[in-house]
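The structure file protein_33.cif is reproduced below (mmCIF, C-alpha atoms and all ligand atoms).
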```cif
data_run
#
loop_
_atom_site.label_atom_id
_atom_site.label_comp_id
_atom_site.auth_asym_id
_atom_site.auth_seq_id
_atom_site.Cartn_x
_atom_site.Cartn_y
_atom_site.Cartn_z
CA MET A 207 2.61 -55.93 2.32
CA ILE A 208 2.12 -52.21 3.04
CA GLY A 209 -1.11 -50.39 2.23
CA PHE A 210 -1.83 -47.26 0.22
CA GLU A 211 -1.46 -44.77 3.09
CA GLU A 212 1.93 -46.15 4.09
CA ALA A 213 3.14 -46.12 0.48
CA VAL A 214 2.12 -42.46 0.17
CA ALA A 215 3.80 -41.62 3.48
CA ARG A 216 7.05 -43.15 2.21
CA ILE A 217 6.79 -41.16 -1.03
CA VAL A 218 6.16 -37.92 0.84
CA ALA A 219 9.25 -38.58 2.99
CA LEU A 220 11.59 -39.02 0.03
CA ALA A 221 10.09 -36.77 -2.67
CA LEU A 222 12.14 -33.68 -1.89
CA PRO A 223 13.04 -30.89 -4.36
CA LEU A 224 16.06 -31.61 -6.55
CA GLY A 225 17.55 -28.12 -6.24
CA SER A 226 16.85 -24.91 -8.10
CA GLU A 227 17.96 -23.04 -11.21
CA ARG A 228 17.33 -19.75 -12.98
CA VAL A 229 15.40 -20.11 -16.21
CA PRO A 230 14.21 -17.54 -18.74
CA ILE A 231 10.58 -16.62 -18.15
CA GLU A 232 9.57 -18.16 -21.48
CA LEU A 233 10.69 -21.60 -20.23
CA ALA A 234 9.11 -21.29 -16.80
CA ALA A 235 5.53 -22.47 -17.46
CA GLY A 236 4.64 -25.43 -15.25
CA ARG A 237 7.69 -24.93 -13.03
CA THR A 238 7.53 -24.14 -9.31
CA LEU A 239 9.11 -20.99 -7.90
CA ALA A 240 12.06 -21.65 -5.60
CA ALA A 241 12.18 -18.02 -4.43
CA PRO A 242 9.60 -15.26 -4.00
CA LEU A 243 9.01 -13.27 -7.19
CA MET A 244 9.28 -9.51 -6.60
CA ALA A 245 8.06 -6.77 -8.89
CA ARG A 246 10.82 -4.74 -10.48
CA SER A 247 8.50 -1.77 -10.97
CA SER A 248 5.02 -0.62 -9.96
CA MET A 249 2.01 -1.50 -12.06
CA PRO A 250 0.94 0.74 -13.53
CA ALA A 251 4.19 2.65 -13.35
CA GLN A 252 2.28 5.95 -13.57
CA ASN A 253 -1.37 7.02 -13.53
CA VAL A 254 -2.96 5.71 -16.72
CA SER A 255 -6.31 6.06 -18.39
CA ALA A 256 -8.81 3.23 -18.01
CA MET A 257 -10.79 4.35 -21.07
CA ASP A 258 -10.52 5.96 -24.49
CA GLY A 259 -11.59 9.61 -24.20
CA TYR A 260 -10.34 13.00 -23.05
CA ALA A 261 -8.31 13.90 -19.97
CA VAL A 262 -9.61 17.04 -18.25
CA ARG A 263 -9.26 19.13 -15.08
CA ASP A 264 -12.22 19.26 -12.68
CA ALA A 265 -11.66 23.03 -12.37
CA ASP A 266 -12.52 23.39 -16.09
CA MET A 267 -15.85 21.52 -15.83
CA GLN A 268 -19.09 23.43 -16.57
CA PRO A 269 -22.76 22.44 -16.87
CA VAL A 270 -23.11 20.31 -20.03
CA PRO A 271 -22.91 20.94 -22.89
CA PHE A 272 -19.63 22.88 -22.99
CA ASN A 273 -16.49 22.99 -25.15
CA LEU A 274 -12.80 22.55 -24.39
CA PRO A 275 -9.97 23.01 -26.90
CA VAL A 276 -8.00 19.80 -27.43
CA CYS A 277 -4.27 20.19 -26.80
CA GLY A 278 -2.05 17.15 -27.16
CA GLU A 279 -2.65 13.41 -27.13
CA SER A 280 -1.48 10.50 -25.01
CA PHE A 281 -1.22 6.92 -26.27
CA ALA A 282 -0.20 3.79 -24.34
CA GLY A 283 3.59 4.00 -24.38
CA SER A 284 3.67 7.81 -24.77
CA ASP A 285 6.04 10.02 -22.78
CA PRO A 286 4.62 10.03 -19.23
CA SER A 287 5.89 13.55 -18.44
CA ILE A 288 3.15 15.31 -20.45
CA VAL A 289 1.27 18.17 -18.65
CA LEU A 290 -2.36 19.22 -19.21
CA THR A 291 -2.63 22.94 -19.99
CA PRO A 292 -5.40 24.49 -17.84
CA GLY A 293 -8.60 25.11 -19.82
CA THR A 294 -7.89 22.33 -22.34
CA ALA A 295 -8.59 18.64 -22.85
CA CYS A 296 -6.02 16.02 -23.87
CA ARG A 297 -7.00 13.20 -26.24
CA ILE A 298 -6.17 9.98 -24.38
CA PHE A 299 -6.45 6.21 -24.86
CA THR A 300 -6.72 3.18 -22.60
CA GLY A 301 -3.41 2.48 -20.84
CA ALA A 302 -1.94 5.89 -21.78
CA PRO A 303 -0.21 8.09 -19.18
CA VAL A 304 -2.61 10.61 -17.68
CA PRO A 305 -1.10 14.08 -18.12
CA GLU A 306 -0.07 15.84 -14.96
CA GLY A 307 -2.89 18.10 -13.75
CA ALA A 308 -5.72 15.97 -15.20
CA ASP A 309 -8.33 14.82 -12.68
CA ARG A 310 -10.45 12.51 -14.82
CA VAL A 311 -10.94 10.97 -18.22
CA ILE A 312 -14.32 11.54 -19.88
CA VAL A 313 -15.16 8.62 -22.16
CA GLN A 314 -15.43 9.58 -25.80
CA GLU A 315 -19.03 8.37 -25.99
CA ASN A 316 -19.98 11.49 -23.96
CA ILE A 317 -18.03 13.83 -26.21
CA GLU A 318 -18.49 15.13 -29.71
CA ARG A 319 -15.27 16.00 -31.45
CA ASP A 320 -15.34 18.95 -33.77
CA ALA A 321 -11.94 19.75 -35.32
CA ASN A 322 -9.88 21.06 -32.43
CA LYS A 323 -12.73 21.16 -29.92
CA ALA A 324 -14.14 18.53 -27.60
CA ARG A 325 -17.79 19.21 -26.85
CA VAL A 326 -18.90 17.52 -23.62
CA LEU A 327 -22.49 16.56 -24.39
CA ARG A 328 -23.67 14.49 -21.48
CA PRO A 329 -23.07 14.29 -17.73
CA TYR A 330 -20.04 12.07 -17.32
CA GLY A 331 -20.74 10.53 -13.89
CA PRO A 332 -18.48 10.25 -10.85
CA GLY A 333 -15.94 7.71 -12.19
CA ARG A 334 -12.50 9.19 -12.81
CA ASN A 335 -11.45 6.46 -15.23
CA ILE A 336 -7.88 6.67 -13.99
CA ARG A 337 -5.81 3.71 -12.81
CA MET A 338 -3.46 5.08 -10.17
CA ALA A 339 0.26 4.29 -10.21
CA GLY A 340 0.90 1.14 -8.15
CA SER A 341 -2.80 0.33 -7.85
CA ASP A 342 -2.22 -3.25 -9.10
CA PHE A 343 1.12 -3.76 -7.32
CA ARG A 344 4.11 -1.71 -6.22
CA LYS A 345 7.81 -2.00 -6.93
CA GLY A 346 9.28 -4.57 -4.52
CA ASP A 347 5.94 -6.27 -3.78
CA VAL A 348 6.10 -10.07 -3.65
CA LEU A 349 3.73 -11.11 -6.44
CA LEU A 350 4.18 -14.88 -6.07
CA GLN A 351 5.53 -16.87 -3.15
CA ALA A 352 8.15 -19.62 -3.32
CA GLY A 353 6.35 -22.93 -3.87
CA HIS A 354 3.89 -21.42 -6.32
CA ARG A 355 3.51 -23.42 -9.52
CA LEU A 356 3.48 -21.22 -12.60
CA ASP A 357 0.24 -22.04 -14.38
CA TRP A 358 -1.19 -20.19 -17.36
CA ARG A 359 -2.67 -17.50 -15.14
CA SER A 360 0.34 -16.86 -12.92
CA MET A 361 2.70 -16.90 -15.94
CA THR A 362 1.12 -13.57 -16.81
CA THR A 363 1.60 -12.30 -13.25
CA ALA A 364 5.24 -13.45 -13.31
CA ALA A 365 5.97 -11.75 -16.62
CA ALA A 366 4.30 -8.56 -15.34
CA ALA A 367 6.99 -8.45 -12.61
CA ASP A 368 9.39 -7.46 -15.42
CA ARG A 369 11.93 -10.21 -14.70
CA ARG A 370 13.83 -11.89 -17.51
CA ASP A 371 14.68 -14.98 -15.42
CA VAL A 372 12.93 -16.68 -12.55
CA GLU A 373 14.30 -19.00 -9.86
CA VAL A 374 12.50 -22.34 -10.09
CA PHE A 375 12.96 -25.83 -8.73
CA ARG A 376 14.66 -28.19 -11.12
CA ALA A 377 12.28 -30.34 -13.19
CA PRO A 378 12.78 -34.04 -12.42
CA ARG A 379 14.38 -35.78 -15.40
CA LEU A 380 12.48 -38.88 -16.35
CA VAL A 381 13.22 -41.88 -18.54
CA ILE A 382 10.35 -44.20 -19.39
CA LEU A 383 11.12 -47.83 -20.27
CA ALA A 384 8.24 -49.93 -21.58
CA THR A 385 9.15 -53.61 -21.57
CA GLY A 386 7.65 -56.55 -23.40
CA ASP A 387 8.37 -58.66 -26.51
CA GLU A 388 4.78 -58.15 -27.62
CA LEU A 389 5.00 -54.37 -27.78
CA ALA A 390 5.04 -52.51 -31.09
CA ALA A 391 4.93 -48.82 -31.88
CA PRO A 392 1.36 -47.62 -32.42
CA GLY A 393 0.61 -48.08 -36.11
CA HIS A 394 2.76 -51.20 -36.42
CA ALA A 395 1.18 -53.82 -34.14
CA HIS A 396 -0.97 -55.20 -36.96
CA GLU A 397 2.17 -55.98 -38.96
CA ARG A 398 3.37 -58.73 -36.59
CA ALA A 399 1.39 -61.68 -35.25
CA GLY A 400 1.14 -61.52 -31.46
CA ALA A 401 2.11 -57.87 -31.24
CA ILE A 402 0.06 -55.22 -29.43
CA PRO A 403 0.42 -51.44 -29.56
CA GLU A 404 2.64 -50.10 -26.80
CA SER A 405 0.15 -47.68 -25.25
CA VAL A 406 0.93 -47.19 -21.60
CA SER A 407 4.02 -45.03 -22.07
CA PHE A 408 1.90 -42.47 -23.94
CA GLY A 409 -0.35 -42.01 -20.93
CA ILE A 410 2.60 -41.92 -18.53
CA HIS A 411 4.51 -39.43 -20.69
CA SER A 412 1.52 -37.14 -20.74
CA LEU A 413 0.89 -37.43 -17.00
CA ALA A 414 4.58 -36.84 -16.26
CA GLY A 415 4.76 -33.75 -18.47
CA GLY A 416 1.69 -32.30 -16.77
CA GLY A 417 3.24 -33.22 -13.41
CA GLY A 418 6.31 -31.09 -14.08
CA ALA A 419 8.80 -33.72 -15.28
CA GLN A 420 11.20 -33.35 -18.16
CA VAL A 421 10.86 -36.62 -20.08
CA LEU A 422 14.33 -37.30 -21.51
CA ARG A 423 13.23 -40.33 -23.50
CA SER A 424 10.63 -43.03 -23.68
CA LEU A 425 11.85 -46.41 -24.97
CA ARG A 426 10.14 -49.63 -25.99
CA LEU A 427 12.27 -52.64 -25.10
CA PRO A 428 11.97 -56.41 -25.64
CA ASP A 429 12.19 -58.92 -22.78
CA ASP A 430 15.87 -59.53 -23.51
CA ARG A 431 18.29 -59.05 -20.63
CA ASP A 432 21.13 -58.12 -22.98
CA ILE A 433 19.09 -55.21 -24.29
CA LEU A 434 17.35 -54.30 -21.05
CA ARG A 435 20.46 -54.01 -18.91
CA PRO A 436 22.34 -51.30 -20.87
CA ALA A 437 19.10 -49.39 -21.37
CA ALA A 438 18.38 -49.58 -17.64
CA ASN A 439 21.85 -48.47 -16.68
CA SER A 440 21.96 -45.54 -19.06
CA ALA A 441 18.49 -44.50 -17.88
CA LEU A 442 19.83 -44.45 -14.31
CA ALA A 443 22.87 -42.45 -15.42
CA ASP A 444 20.73 -39.71 -16.99
CA ALA A 445 17.49 -39.55 -15.02
CA ASP A 446 16.38 -38.61 -11.53
CA LEU A 447 13.52 -41.06 -11.87
CA VAL A 448 13.18 -44.09 -14.14
CA VAL A 449 9.68 -45.41 -14.78
CA VAL A 450 9.59 -49.04 -15.90
CA ILE A 451 6.34 -50.30 -17.36
CA GLY A 452 5.54 -54.03 -17.25
CA GLY A 453 7.43 -57.05 -16.00
CA ALA A 454 6.54 -56.14 -12.43
CA SER A 455 4.88 -59.42 -11.60
CA VAL A 456 6.19 -62.99 -11.27
CA GLY A 457 6.25 -64.13 -14.92
CA GLU A 458 9.34 -65.85 -16.31
CA LYS A 459 10.20 -62.87 -18.47
CA ASP A 460 9.37 -60.25 -15.86
CA TYR A 461 12.77 -58.53 -15.75
CA SER A 462 11.79 -55.04 -14.62
CA ARG A 463 13.69 -55.44 -11.35
CA GLU A 464 16.69 -57.52 -12.38
CA MET A 465 17.46 -55.39 -15.44
CA PHE A 466 19.24 -52.95 -13.11
CA SER A 467 22.83 -53.98 -12.34
CA GLU A 468 22.94 -52.41 -8.91
CA PRO A 469 20.94 -53.79 -5.98
CA LEU A 470 17.55 -52.13 -5.47
CA ASP A 471 16.92 -50.46 -2.15
CA TYR A 472 13.14 -50.86 -1.94
CA VAL A 473 10.94 -48.05 -0.71
CA PHE A 474 8.18 -50.63 -1.26
CA PRO A 475 8.25 -53.87 -3.30
CA LYS A 476 4.44 -53.94 -3.80
CA VAL A 477 1.35 -52.33 -2.33
CA ALA A 478 -1.94 -53.88 -1.16
CA ILE A 479 -4.15 -52.07 -3.65
CA LYS A 480 -6.41 -53.16 -6.47
CA PRO A 481 -5.57 -52.70 -9.26
CA GLY A 482 -1.82 -52.36 -9.29
CA LYS A 483 -0.52 -54.57 -6.49
CA PRO A 484 2.84 -55.25 -8.23
CA VAL A 485 3.77 -51.53 -8.28
CA TRP A 486 7.18 -51.01 -6.73
CA LEU A 487 9.51 -48.13 -5.87
CA ALA A 488 13.23 -48.39 -5.20
CA LYS A 489 16.30 -46.24 -4.73
CA VAL A 490 19.61 -46.85 -6.48
CA GLY A 491 22.30 -44.37 -5.51
CA GLY A 492 20.55 -41.02 -5.60
CA ARG A 493 18.06 -42.17 -8.26
CA LEU A 494 14.56 -43.53 -8.01
CA ILE A 495 12.93 -46.32 -10.00
CA LEU A 496 9.17 -46.68 -10.12
CA GLY A 497 7.97 -50.00 -11.51
CA LEU A 498 4.45 -49.90 -12.89
CA PRO A 499 2.46 -53.06 -13.67
CA GLY A 500 2.02 -53.67 -17.38
CA ASN A 501 -1.76 -53.97 -17.36
CA PRO A 502 -2.77 -50.58 -18.74
CA THR A 503 -5.42 -49.68 -16.17
CA SER A 504 -3.15 -50.87 -13.34
CA ALA A 505 -0.30 -48.79 -14.76
CA LEU A 506 -2.36 -45.63 -15.05
CA VAL A 507 -4.01 -46.00 -11.65
CA THR A 508 -0.66 -46.56 -9.92
CA ALA A 509 0.89 -43.67 -11.86
CA ARG A 510 -1.96 -41.44 -10.71
CA LEU A 511 -1.61 -42.58 -7.10
CA PHE A 512 2.20 -42.66 -6.81
CA LEU A 513 3.93 -40.98 -9.77
CA ALA A 514 1.86 -37.79 -9.47
CA PRO A 515 2.79 -37.12 -5.81
CA LEU A 516 6.38 -38.24 -6.42
CA LEU A 517 6.83 -35.73 -9.24
CA ALA A 518 5.09 -33.01 -7.25
CA GLY A 519 7.51 -33.41 -4.36
CA LEU A 520 10.62 -33.69 -6.56
CA SER A 521 9.65 -30.51 -8.39
CA GLY A 522 9.05 -28.46 -5.24
CA ARG A 523 5.32 -28.82 -4.70
CA ASN A 524 3.40 -30.47 -1.90
CA PRO A 525 2.91 -34.14 -2.89
CA MET A 526 -0.36 -34.28 -0.97
CA ASP A 527 -1.85 -31.57 -3.20
CA THR A 528 -2.10 -34.26 -5.88
CA LEU A 529 -4.11 -36.53 -3.57
CA ALA A 530 -7.05 -34.32 -2.71
CA PHE A 531 -9.85 -36.81 -2.10
CA GLY A 532 -13.43 -35.62 -2.13
CA SER A 533 -16.87 -37.09 -1.67
CA ARG A 534 -19.54 -37.75 -4.31
CA CYS A 535 -22.83 -39.51 -4.58
CA CYS A 536 -22.43 -42.86 -6.34
CA LEU A 537 -25.29 -43.61 -8.72
CA ASP A 538 -24.42 -47.31 -8.99
CA ALA A 539 -24.41 -50.18 -6.55
CA LEU A 540 -20.88 -51.15 -5.45
CA PRO A 541 -19.73 -54.65 -4.56
CA GLN A 542 -18.06 -55.52 -1.28
CA THR A 543 -14.31 -54.84 -1.39
CA GLY A 544 -11.75 -57.63 -1.05
CA ASP A 545 -8.70 -57.54 1.18
CA ARG A 546 -6.89 -54.85 -0.88
CA GLU A 547 -7.75 -51.14 -0.86
CA THR A 548 -9.60 -50.67 -4.14
CA PHE A 549 -9.66 -47.84 -6.66
CA LEU A 550 -12.60 -48.21 -9.04
CA ARG A 551 -12.68 -46.26 -12.29
CA ALA A 552 -15.72 -44.06 -12.67
CA LEU A 553 -17.16 -41.09 -14.49
CA ARG A 554 -18.21 -38.00 -12.58
CA THR A 555 -21.19 -36.11 -13.92
CA GLU A 556 -23.28 -33.40 -12.28
CA ALA A 557 -25.66 -36.03 -10.90
CA GLY A 558 -22.92 -38.13 -9.30
CA VAL A 559 -20.40 -40.83 -10.24
CA THR A 560 -21.11 -43.91 -12.32
CA LEU A 561 -18.86 -46.96 -12.52
CA ALA A 562 -16.85 -47.56 -15.70
CA ILE A 563 -18.38 -50.38 -17.68
CA SER A 564 -15.35 -52.64 -17.12
CA GLN A 565 -13.24 -52.83 -13.98
CA ASP A 566 -10.72 -55.18 -15.60
CA SER A 567 -7.16 -54.03 -14.91
CA SER A 568 -6.21 -54.59 -18.55
CA SER A 569 -8.93 -52.28 -19.87
CA GLN A 570 -7.84 -49.42 -22.12
CA MET A 571 -11.21 -48.39 -23.54
CA THR A 572 -12.55 -47.34 -20.13
CA LEU A 573 -9.54 -45.11 -19.42
CA ALA A 574 -10.83 -42.54 -21.84
CA HIS A 575 -14.26 -42.61 -20.23
CA SER A 576 -13.26 -42.33 -16.58
CA ASN A 577 -12.33 -39.16 -14.73
CA VAL A 578 -12.37 -40.23 -11.09
CA LEU A 579 -11.22 -43.10 -8.94
CA ILE A 580 -13.59 -44.31 -6.24
CA ARG A 581 -11.54 -45.28 -3.19
CA ARG A 582 -12.79 -48.15 -1.08
CA GLU A 583 -11.25 -49.49 2.11
CA PRO A 584 -10.28 -53.16 2.32
CA GLY A 585 -13.35 -55.16 3.39
CA ALA A 586 -15.74 -52.25 2.72
CA PRO A 587 -19.37 -53.45 2.52
CA ALA A 588 -21.50 -53.45 -0.65
CA LEU A 589 -23.24 -50.13 -1.28
CA VAL A 590 -26.66 -49.41 -2.74
CA PRO A 591 -27.04 -46.60 -5.31
CA GLY A 592 -27.20 -43.08 -3.84
CA GLU A 593 -24.56 -43.39 -1.14
CA ASP A 594 -21.56 -41.05 -0.90
CA VAL A 595 -18.15 -42.41 -1.86
CA THR A 596 -14.58 -41.08 -1.64
CA VAL A 597 -13.25 -39.92 -5.02
CA LEU A 598 -10.02 -38.66 -6.53
CA ASP A 599 -9.63 -36.92 -9.89
CA PHE A 600 -8.25 -39.39 -12.38
N1 LIG B 701 0.89 -65.59 -10.98
C1 LIG B 701 0.63 -64.30 -10.91
N2 LIG B 701 0.36 -63.64 -12.01
C2 LIG B 701 0.10 -62.33 -11.96
C3 LIG B 701 0.11 -61.65 -10.74
C4 LIG B 701 0.43 -62.37 -9.58
O1 LIG B 701 0.48 -61.82 -8.47
N3 LIG B 701 0.71 -63.67 -9.72
N4 LIG B 701 -0.20 -60.34 -10.73
C5 LIG B 701 -1.11 -59.91 -11.75
C6 LIG B 701 -1.26 -58.49 -11.67
S1 LIG B 701 -2.12 -57.92 -10.31
C7 LIG B 701 -0.84 -57.64 -12.63
S2 LIG B 701 -1.25 -55.98 -12.56
C8 LIG B 701 -0.06 -58.10 -13.77
C9 LIG B 701 1.14 -57.17 -13.92
O2 LIG B 701 2.08 -57.83 -14.59
P1 LIG B 701 3.41 -57.22 -15.17
O3 LIG B 701 3.71 -55.90 -14.61
O4 LIG B 701 4.43 -58.25 -15.08
O5 LIG B 701 2.95 -56.91 -16.64
P2 LIG B 701 3.26 -57.70 -17.97
O6 LIG B 701 3.15 -59.13 -17.71
O7 LIG B 701 4.47 -57.15 -18.55
O8 LIG B 701 2.00 -57.21 -18.78
C10 LIG B 701 0.70 -57.38 -18.36
C11 LIG B 701 -0.24 -57.07 -19.53
O9 LIG B 701 -0.10 -55.73 -19.91
C12 LIG B 701 0.32 -55.60 -21.28
N5 LIG B 701 1.30 -54.51 -21.37
C13 LIG B 701 2.48 -54.46 -20.75
N6 LIG B 701 3.13 -53.33 -21.05
C14 LIG B 701 2.33 -52.65 -21.87
C15 LIG B 701 2.46 -51.38 -22.53
N7 LIG B 701 3.55 -50.64 -22.36
N8 LIG B 701 1.46 -50.99 -23.33
C16 LIG B 701 0.36 -51.77 -23.49
N9 LIG B 701 0.16 -52.95 -22.87
C17 LIG B 701 1.15 -53.40 -22.08
C18 LIG B 701 0.96 -56.92 -21.60
O10 LIG B 701 0.92 -57.19 -22.95
C19 LIG B 701 0.11 -57.87 -20.77
O11 LIG B 701 -1.08 -58.17 -21.44
O12 LIG B 701 0.35 -59.41 -13.59
C20 LIG B 701 -0.68 -60.31 -13.13
N10 LIG B 701 -0.16 -61.63 -13.13
O1 LIG B 702 -2.88 -55.17 -9.97
MO1 LIG B 702 -3.40 -56.22 -11.15
O2 LIG B 702 -3.77 -54.69 -11.52
O3 LIG B 702 -4.94 -56.41 -10.21
O4 LIG B 702 -4.23 -56.77 -12.57
#
```

Take the structure in the file and give it back as C-alpha cells.
Ligand SMILES: Nc1nc2c(c(=O)[nH]1)N[C@H]1C(S)=C(S)[C@@H](COP(=O)(O)OP(=O)(O)OC[C@H]3O[C@@H](n4cnc5c(N)ncnc54)[C@H](O)[C@@H]3O)O[C@H]1N2
Ligand code: MOO
Amino acid sequence: MIGFEEAVARIVALALPLGSERVPIELAAGRTLAAPLMARSSMPAQNVSAMDGYAVRDADMQPVPFNLPVCGESFAGSDPSIVLTPGTACRIFTGAPVPEGADRVIVQENIERDANKARVLRPYGPGRNIRMAGSDFRKGDVLLQAGHRLDWRSMTTAAAADRRDVEVFRAPRLVILATGDELAAPGHAHERAGAIPESVSFGIHSLAGGGGAQVLRSLRLPDDRDILRPAANSALADADLVVVIGGASVGEKDYSREMFSEPLDYVFPKVAIKPGKPVWLAKVGGRLILGLPGNPTSALVTARLFLAPLLAGLSGRNPMDTLAFGSRCCLDALPQTGDRETFLRALRTEAGVTLAISQDSSSQMTLAHSNVLIRREPGAPALVPGEDVTVLDF
C-alpha cells in the first residue's frame, strides 16, 4: 500500500489543466488565468484629482489669505480636455480630470467659497493632490500573470484592465455520487427507520466549489447495482472527475468500484493513512474517479488531502499550493502513531492547537470545530503538551 507522499506525487503528475476558454469577466471569479492579463488603457487615463477642492496654478499662488475667481468645474467623468485659465481656480472633485495648466489641487477645507471667488485661507502644504496618468499602471502593462487565481481582490484588478472577457483555464466538471441505502435527504431521515441524513456530499460540494470545480450534479443513490450503474456511466459521460462517497471498503454492498462498467485503471487503490485508508483514485478513458470512504470524517479528510490538490491542478493552479504544511505548538498530549500516517483533527487558536474531542472517523460534530489537521508520521512517538507539530489548514 502506498503512503501519503506517493499518493500526492501521483496526483501532481496527472492533475494537469483541462484546457482554456474565454469567459466574460463577471463569470471569472475563482477561475485561474490561462494567459497574462494586459491593461487596455492607463490608470488613471489622465491626471486626476486625489481630493475635492480647487485646481490652481503655482504661478498664481500668493501669501495666504488671497482670492482667485472660480472658472469652470471638473467632475469624475468630465471632459478631460479642459484648460485652466491663468489667474483662476477650477472647482474639482476626487477622480476628476485635472485641467491642463493646473499644478495642484487645494483641498476645500483650506478654502472659503464666496459666490464666484475661492478664498485660500490657510497654507495648503506641499502635496499636489494629483494622481498622474499611468501612476497605477500603464496601457499594455501585465496586471496579472497566467496561473493567477482570480480572488475577490484580483477580480477588481482584472476588471480595471478594461477587458470584457478573460482567458481562463476550464473549470473541472464534477459529479458527486453519494451511495448507501441508509441515506436520506437532510430533513427526511427521521421519516424512515434506519435512515441517516446524507451529509458528506454537502461538505464535498462546498469544498469542490471553493476549489474551482463546476459541480454538475450531486446525487444520492441506493446500494442497488441497477440504479448505480447508469448513474455511474452518465456521470463519467458528463464529468471530468466523478467523486463517489461510500462503499469504498469491503462490505457486501460496497459497490463504489464495480458500479462503473469500464475497468478502472488505478492511480491508487488505497492509501496508508488514518483516517481514510479506503480512499481510491482511478482513470477511466480520459476521466478520473475519486472514491471517498463513507465515514464522514474520513471522507472530508481525504477530500482535503487529495481532492483539493487534484482540483487545483486540473484548474490550472499548483496542486502543492493546497498542501502548505506549517508548524504549531500542540497544547495536548498526543498518542504514539500506528503504522499509518495519521491526520488528527484539531482546532488552532492563538495559543496553539488542541485536539478535537473525538478522533473517531465517523464523527460529524467535530468537523465543525476543527480547522487544522495534525500530521503524524507512521510510528511517531507519543508527545507531551507544548511540542511543535506539523499542521495543515482543514
Ligand atoms: N472489514 C473491514 N471493514 C472496514 C474496513 C476494512 O478495512 N475492513 N475499513 C473501515 C474504514 S477504514 C472505513 S473509512 C470505512 C469506509 O467504508 P465505506 O467507504 O465502504 O463506507 P460505507 O460503508 O458506505 O459507510 C461508512 C459509514 O459512513 C456512513 N455514510 C456513508 N456515506 C455517507 C454520506 N454520504 N453521508 C453521511 N454518512 C455516510 C454510513 O452510513 C456508514 O455509517 O469502512 C470501515 N470498514
Ligand atoms: O479510514 Mo477509516 O477512516 O479509519 O474509518

Nearest to ligand LIG 701 (chain B) by atom-to-atom distance, counting only C-alpha atoms and all ligand atoms, from A:Ile312, A:Leu442, A:Leu425, A:Ala377: A:Leu425

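Remark: for ligand LIG 701 (chain B), the closest of the candidate residues A:Val449, A:Val595, A:Leu239, A:Val289 is A:Val449 (distances computed over only C-alpha atoms and all ligand atoms).
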
Distance of CA of Ala509 in chain A from CA of Asp460 in chain A, expressed in Å to one decimal place: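 So the two atoms, CA of Asp460 in chain A and CA of Ala509 in chain A, lie 19.0 Å apart.
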
Distance query Ala261 in chain A at most 7 Å, only C-alpha atoms, self and fewer than 5 positions along chain excluded, as a list in words: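 Non-adjacent residues within range: Ala295, Cys296, Arg297, Ile298, Val304, Ala308, Arg310, Val311 and Ile312 of chain A.
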
Long-range neighbours of Gly558 in chain A as a count of residues only, 10 Å cut-off, all atoms listed in the file, 4 positions minimum in chain: 13

Select from chain A every residue with an atom at most 10 Å from any atom of ligand LIG 702 (chain B), then for each give the shortest pair of atoms and their distance in Å to one decimal, using only C-alpha atoms and all ligand atoms, rows by chain and rising number, as JSON lines.
```
{"residue": "A:Ala454", "atom": "CA", "partner": "B:LIG702", "partner_atom": "O1", "distance": 9.8}
{"residue": "A:Ser455", "atom": "CA", "partner": "B:LIG702", "partner_atom": "MO1", "distance": 8.9}
{"residue": "A:Lys476", "atom": "CA", "partner": "B:LIG702", "partner_atom": "O1", "distance": 9.7}
{"residue": "A:Val477", "atom": "CA", "partner": "B:LIG702", "partner_atom": "O1", "distance": 9.2}
{"residue": "A:Ala478", "atom": "CA", "partner": "B:LIG702", "partner_atom": "O1", "distance": 9.0}
{"residue": "A:Ile479", "atom": "CA", "partner": "B:LIG702", "partner_atom": "O1", "distance": 7.2}
{"residue": "A:Lys480", "atom": "CA", "partner": "B:LIG702", "partner_atom": "O3", "distance": 5.2}
{"residue": "A:Pro481", "atom": "CA", "partner": "B:LIG702", "partner_atom": "O2", "distance": 3.5}
{"residue": "A:Gly482", "atom": "CA", "partner": "B:LIG702", "partner_atom": "O1", "distance": 3.1}
{"residue": "A:Lys483", "atom": "CA", "partner": "B:LIG702", "partner_atom": "O1", "distance": 4.2}
{"residue": "A:Pro484", "atom": "CA", "partner": "B:LIG702", "partner_atom": "O1", "distance": 6.0}
{"residue": "A:Val485", "atom": "CA", "partner": "B:LIG702", "partner_atom": "O1", "distance": 7.8}
{"residue": "A:Leu498", "atom": "CA", "partner": "B:LIG702", "partner_atom": "O1", "distance": 9.5}
{"residue": "A:Pro499", "atom": "CA", "partner": "B:LIG702", "partner_atom": "O2", "distance": 6.8}
{"residue": "A:Gly500", "atom": "CA", "partner": "B:LIG702", "partner_atom": "O2", "distance": 8.3}
{"residue": "A:Asn501", "atom": "CA", "partner": "B:LIG702", "partner_atom": "O4", "distance": 6.1}
{"residue": "A:Pro502", "atom": "CA", "partner": "B:LIG702", "partner_atom": "O2", "distance": 8.4}
{"residue": "A:Thr503", "atom": "CA", "partner": "B:LIG702", "partner_atom": "O2", "distance": 7.0}
{"residue": "A:Ser504", "atom": "CA", "partner": "B:LIG702", "partner_atom": "O2", "distance": 4.3}
{"residue": "A:Ala505", "atom": "CA", "partner": "B:LIG702", "partner_atom": "O2", "distance": 7.6}
{"residue": "A:Leu506", "atom": "CA", "partner": "B:LIG702", "partner_atom": "O2", "distance": 9.8}
{"residue": "A:Val507", "atom": "CA", "partner": "B:LIG702", "partner_atom": "O2", "distance": 8.7}
{"residue": "A:Thr508", "atom": "CA", "partner": "B:LIG702", "partner_atom": "O2", "distance": 8.9}
{"residue": "A:Arg546", "atom": "CA", "partner": "B:LIG702", "partner_atom": "O3", "distance": 9.7}
{"residue": "A:Thr548", "atom": "CA", "partner": "B:LIG702", "partner_atom": "O3", "distance": 9.6}
{"residue": "A:Gln565", "atom": "CA", "partner": "B:LIG702", "partner_atom": "O3", "distance": 9.8}
{"residue": "A:Asp566", "atom": "CA", "partner": "B:LIG702", "partner_atom": "O4", "distance": 7.3}
{"residue": "A:Ser567", "atom": "CA", "partner": "B:LIG702", "partner_atom": "O4", "distance": 4.6}
{"residue": "A:Ser568", "atom": "CA", "partner": "B:LIG702", "partner_atom": "O4", "distance": 6.7}
{"residue": "A:Ser569", "atom": "CA", "partner": "B:LIG702", "partner_atom": "O4", "distance": 9.8}
```

Which of A:Met526, A:Leu383, A:Met267, A:Met257 sits closest to ligand LIG 701 (chain B) [using all atoms listed in the file]: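 The answer is A:Leu383, which sits nearest to ligand LIG 701 (chain B).
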